[in-house]
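Student: Would you mind keeping the following structure in view while I ask a few things?
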Protein chains: 2
Amino acid sequence: MEECAPSRPPLGLLLRLVHQHWTQAVEAALDEAGFGDIRPPHANVFTFARPEGIKVSELTKLAHVRKQTMTQAVEELERLGYVERRPDPDDRRARLVFLSERGKGVRPIAMATGRLIDERWAEIAGSQEIEQIKHALQRLLDRLQGDDQTGFGG
Amino acid sequence: MEECAPSRPPLGLLLRLVHQHWTQAVEAALDEAGFGDIRPPHANVFTFARPEGIKVSELTKLAHVRKQTMTQAVEELERLGYVERRPDPDDRRARLVFLSERGKGVRPIAMATGRLIDERWAEIAGSQEIEQIKHALQRLLDRLQGDDQTGFGG
DNA sequence: GAGATATAGACAGGTACCTGACTATTATGT
DNA sequence: ACATAATAGTCAGGTACCTGTCTATATCTC
């Protein structure tokens with residue numbers, strides 16, 4: 001086990017390139033499934049939507065993006081007819097996001113996309129390899145931010 | 001070895017969050033070193049610059065970004081006085097990028113930034129953990145693109 | 001119940017990457 | 001040598017994130 005090269009490619013480059021692959025894979029998968037108008041950032045909305053409705057601010061916490069990013073995704077989905085926004089009866093500042101009928105139909109596909117890519121990558125790189133990467137990244141994140149912020153810690 | 005949770009946090013989310021941490025760490029390190037005007041994408045230029053000059057198109061291959069991204073980085077560095085561009089005597093289409101005196105002074109710091117972050121992360125998460133992530137990501141990339149495209153393949 | 005603070009969302013603007021189309025020049029193949 | 005293809009670089013435009021500021025409403029404290 002000689003360590004011939006302790007740190008040749010900067011970690012940042014590897015992260016960027018793999019992340020790019022991931023995004024492109026998600027996009028291609030949505031396209032294949034016939035939902036070319038749904039883009040990766042929209043998938044979060046489908047994943048976390050609830051029948052009782054959900055606030056944009058809650059979505060931002062779950063998906064770990066900023067308000068503006070999530071707002072834009074919701075607005076686009078609203079324009080495309082996949083979601084509706086209605087005032088929150090319990091909080092006059094807030095508007096709740098609901099899936100439309102059309103949105104409910106798409107949900108399983110949009111939610112499954114991430115898992116689909118996981119599986120494809122497991123096929124080409126080995127599923128334990130992928131799991132190992134995930135666990136390692138998760139541990140690294142936990143140490144970097146001192147606490148589980150992915151909301152998937154359970 | 002029970003697999004209690006085969007794939008809870010989508011890999012894409014982990015990659016995005018860790019990459020964000022990385023970028024912020026690089027930015028903070030450059031800032032600490034007193035080079036607040038140098039931003040992460042500029043670091044590549046310093047890393048790959050050569051005394052004989054280098055074409056933007058070569059830089060794009062080494063850093064794995066597109067022409068426009070690299071061109072912008074070079075233009076900004078030119079405006080800041082860190083690099084100069086001169087016509088390539090051997091190819092009238094091309095312009096060669098050279099480090100200015102000022103740029104040469106900054107080079108060690110800009111080049112070292114990635115390694116510095118590596119070391120800091122190794123301290124908080126364990127150096128073998130970091131190495132393991134790098135190797136795993138590298139293997140994954142190789143399998144995804146069928147070939148080593150990082151230019152660090154050894 | 002008045003005042004400080006936190007939260008929901010809107011608005012304006014920036015960054016680091018991407019794509020595609022275009023011109024000028026160089027390399028290639030017959 | 002001449003048509004074709006590849007390459008260097010520019011221009012125009014798009015995406016998915018980010019930051020900071022601002023208003024309206026809620027909550028918490030005294």
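We label chains A, B, ... in the order they appear in the structure tokens, count residues from 1 in each chain, and number ligands from 1 in the order shown.
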What does the C-alpha RMSD come to when chain A is least-squares superposed onto chain B, all C-alpha atoms paired in sequence order?
Tutor: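 The fitted C-alpha deviation between chain B and chain A is 0.3 Å.
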Student: Excluding same-chain residues fewer than 3 positions from Val45 (chain A), what lies within 8 Å of it counting only C-alpha atoms (C1' of nucleotides), as a list of chain:residue names?
Tutor: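 My list of contacting residues is A:Pro41, A:His42, A:Phe48, A:Ala49, A:Leu59, A:Ala73, A:Val74.
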Student: What are the nearest atom pairs, with distances in Å to one decimal, for all residues of chain D that come at most 12 Å from chain B, using only C-alpha atoms (C1' of nucleotides), set out by chain and rising residue number as a Markdown table?
Tutor:
```
| residue | atom | partner | partner_atom | distance |
| --- | --- | --- | --- | --- |
| D:DT7 | C1' | B:Arg93 | CA | 8.8 |
| D:DA8 | C1' | B:Arg93 | CA | 5.2 |
| D:DG9 | C1' | B:Ala94 | CA | 7.1 |
| D:DT10 | C1' | B:Gln68 | CA | 9.0 |
| D:DC11 | C1' | B:Gln68 | CA | 9.9 |
| D:DA12 | C1' | B:Gln68 | CA | 11.4 |
| D:DA16 | C1' | B:Arg16 | CA | 11.1 |
| D:DC17 | C1' | B:Gln20 | CA | 9.7 |
| D:DC18 | C1' | B:Gln20 | CA | 10.1 |
```
Student: Calculated over only C-alpha atoms, which of the candidates B:Phe98, B:Glu32, B:Leu116, B:Leu11 has the smallest distance to chain A?
Tutor: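 Distance minimum relative to chain A lands on B:Leu11.
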Student: Just list the residues in region 6-134 of chain A DSSP gives strand (DSSP E) on the backbone, as a ChimeraX atom specification.
Tutor: /A:54-55,83-88,91-99
Student: Mind listing the helix (DSSP H, G or I) residues of chain A, per DSSP on the backbone, as an NGL selection string?
Tutor: :A and (11-32 or 40-48 or 56-63 or 67-80 or 101-125 or 127-145)
Student: With only C-alpha atoms as the atoms that count, which of A:Ala122, A:Ile117, A:Leu80, A:Leu13 lies nearest to Arg102 (chain A)?
Tutor: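 Among the listed residues, the smallest separation from Arg102 (chain A) belongs to A:Leu80.
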Student: Between A:Phe35, A:Ala43, A:Gly103, A:Ile109, which residue has the minimum interatomic distance to chain B, considering only C-alpha atoms?
Tutor: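 Among the listed residues, the smallest separation from chain B belongs to A:Ala43.
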Student: Could you list the residues in chain C lying within 10 Å of chain A, using only C-alpha atoms (C1' of nucleotides), and format the result as a ChimeraX atom specification?
Tutor: /C:7-11,17
Student: Residues of chain B that approach chain A to 9 Å or less, counting only C-alpha atoms: could you list each one with the shortest pair of atoms and its distance in Å to one decimal, rows by chain and increasing residue number, as a tab-separated table?
Tutor:
```
residue	atom	partner	partner_atom	distance
B:Pro6	CA	A:Glu131	CA	7.1
B:Ser7	CA	A:Glu131	CA	7.1
B:Arg8	CA	A:Phe152	CA	6.2
B:Pro9	CA	A:Phe152	CA	5.7
B:Pro10	CA	A:Gly114	CA	6.0
B:Leu11	CA	A:Lys134	CA	6.2
B:Gly12	CA	A:Trp22	CA	6.1
B:Leu13	CA	A:Ala63	CA	8.0
B:Leu14	CA	A:Leu137	CA	6.4
B:Leu15	CA	A:His19	CA	5.7
B:Arg16	CA	A:His19	CA	6.6
B:Leu17	CA	A:Leu141	CA	7.7
B:Val18	CA	A:Leu141	CA	6.4
B:His19	CA	A:Leu15	CA	5.7
B:His21	CA	A:Leu144	CA	7.9
B:Trp22	CA	A:Gly12	CA	6.1
B:Thr23	CA	A:Gly12	CA	7.3
B:Ala63	CA	A:Leu13	CA	8.0
B:His64	CA	A:Leu17	CA	8.2
B:Gly114	CA	A:Pro10	CA	6.0
B:Arg115	CA	A:Pro10	CA	7.1
B:Ile117	CA	A:Leu11	CA	8.9
B:Asp118	CA	A:Leu11	CA	7.3
B:Trp121	CA	A:Leu144	CA	8.0
B:Ile124	CA	A:Arg143	CA	6.7
B:Ala125	CA	A:Leu140	CA	6.0
B:Glu129	CA	A:Ala136	CA	7.0
B:Ile130	CA	A:Leu140	CA	8.3
B:Glu131	CA	A:Pro6	CA	6.9
B:Gln132	CA	A:Ala136	CA	8.1
B:Ile133	CA	A:Ile133	CA	6.2
B:Lys134	CA	A:Leu11	CA	6.2
B:Ala136	CA	A:Ile133	CA	6.5
B:Leu137	CA	A:Leu14	CA	6.4
B:Gln138	CA	A:Leu14	CA	6.7
B:Arg139	CA	A:Ala125	CA	7.8
B:Leu140	CA	A:Ala125	CA	6.0
B:Leu141	CA	A:Val18	CA	6.4
B:Arg143	CA	A:Ala125	CA	6.5
B:Leu144	CA	A:Ile124	CA	7.5
B:Thr150	CA	A:Pro9	CA	7.3
B:Gly151	CA	A:Pro9	CA	8.4
B:Phe152	CA	A:Pro9	CA	5.8
B:Gly153	CA	A:Arg8	CA	8.4
B:Gly154	CA	A:Ala5	CA	8.3
```
Student: So which residues touch Gly36 (chain B) within 12 Å, counting only C-alpha atoms (C1' of nucleotides), skipping near sequence neighbours fewer than 3 positions away, as a PyMOL selection string?
Tutor: chain B and resi 26-33+39-40+42+80+106+110
Student: Would you mind reading off the distance between CA of Gln24 (chain A) and C1' of DT15 (chain C), one decimal, in Å?
Tutor: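 Distance reported for this atom pair: 20.4 Å.
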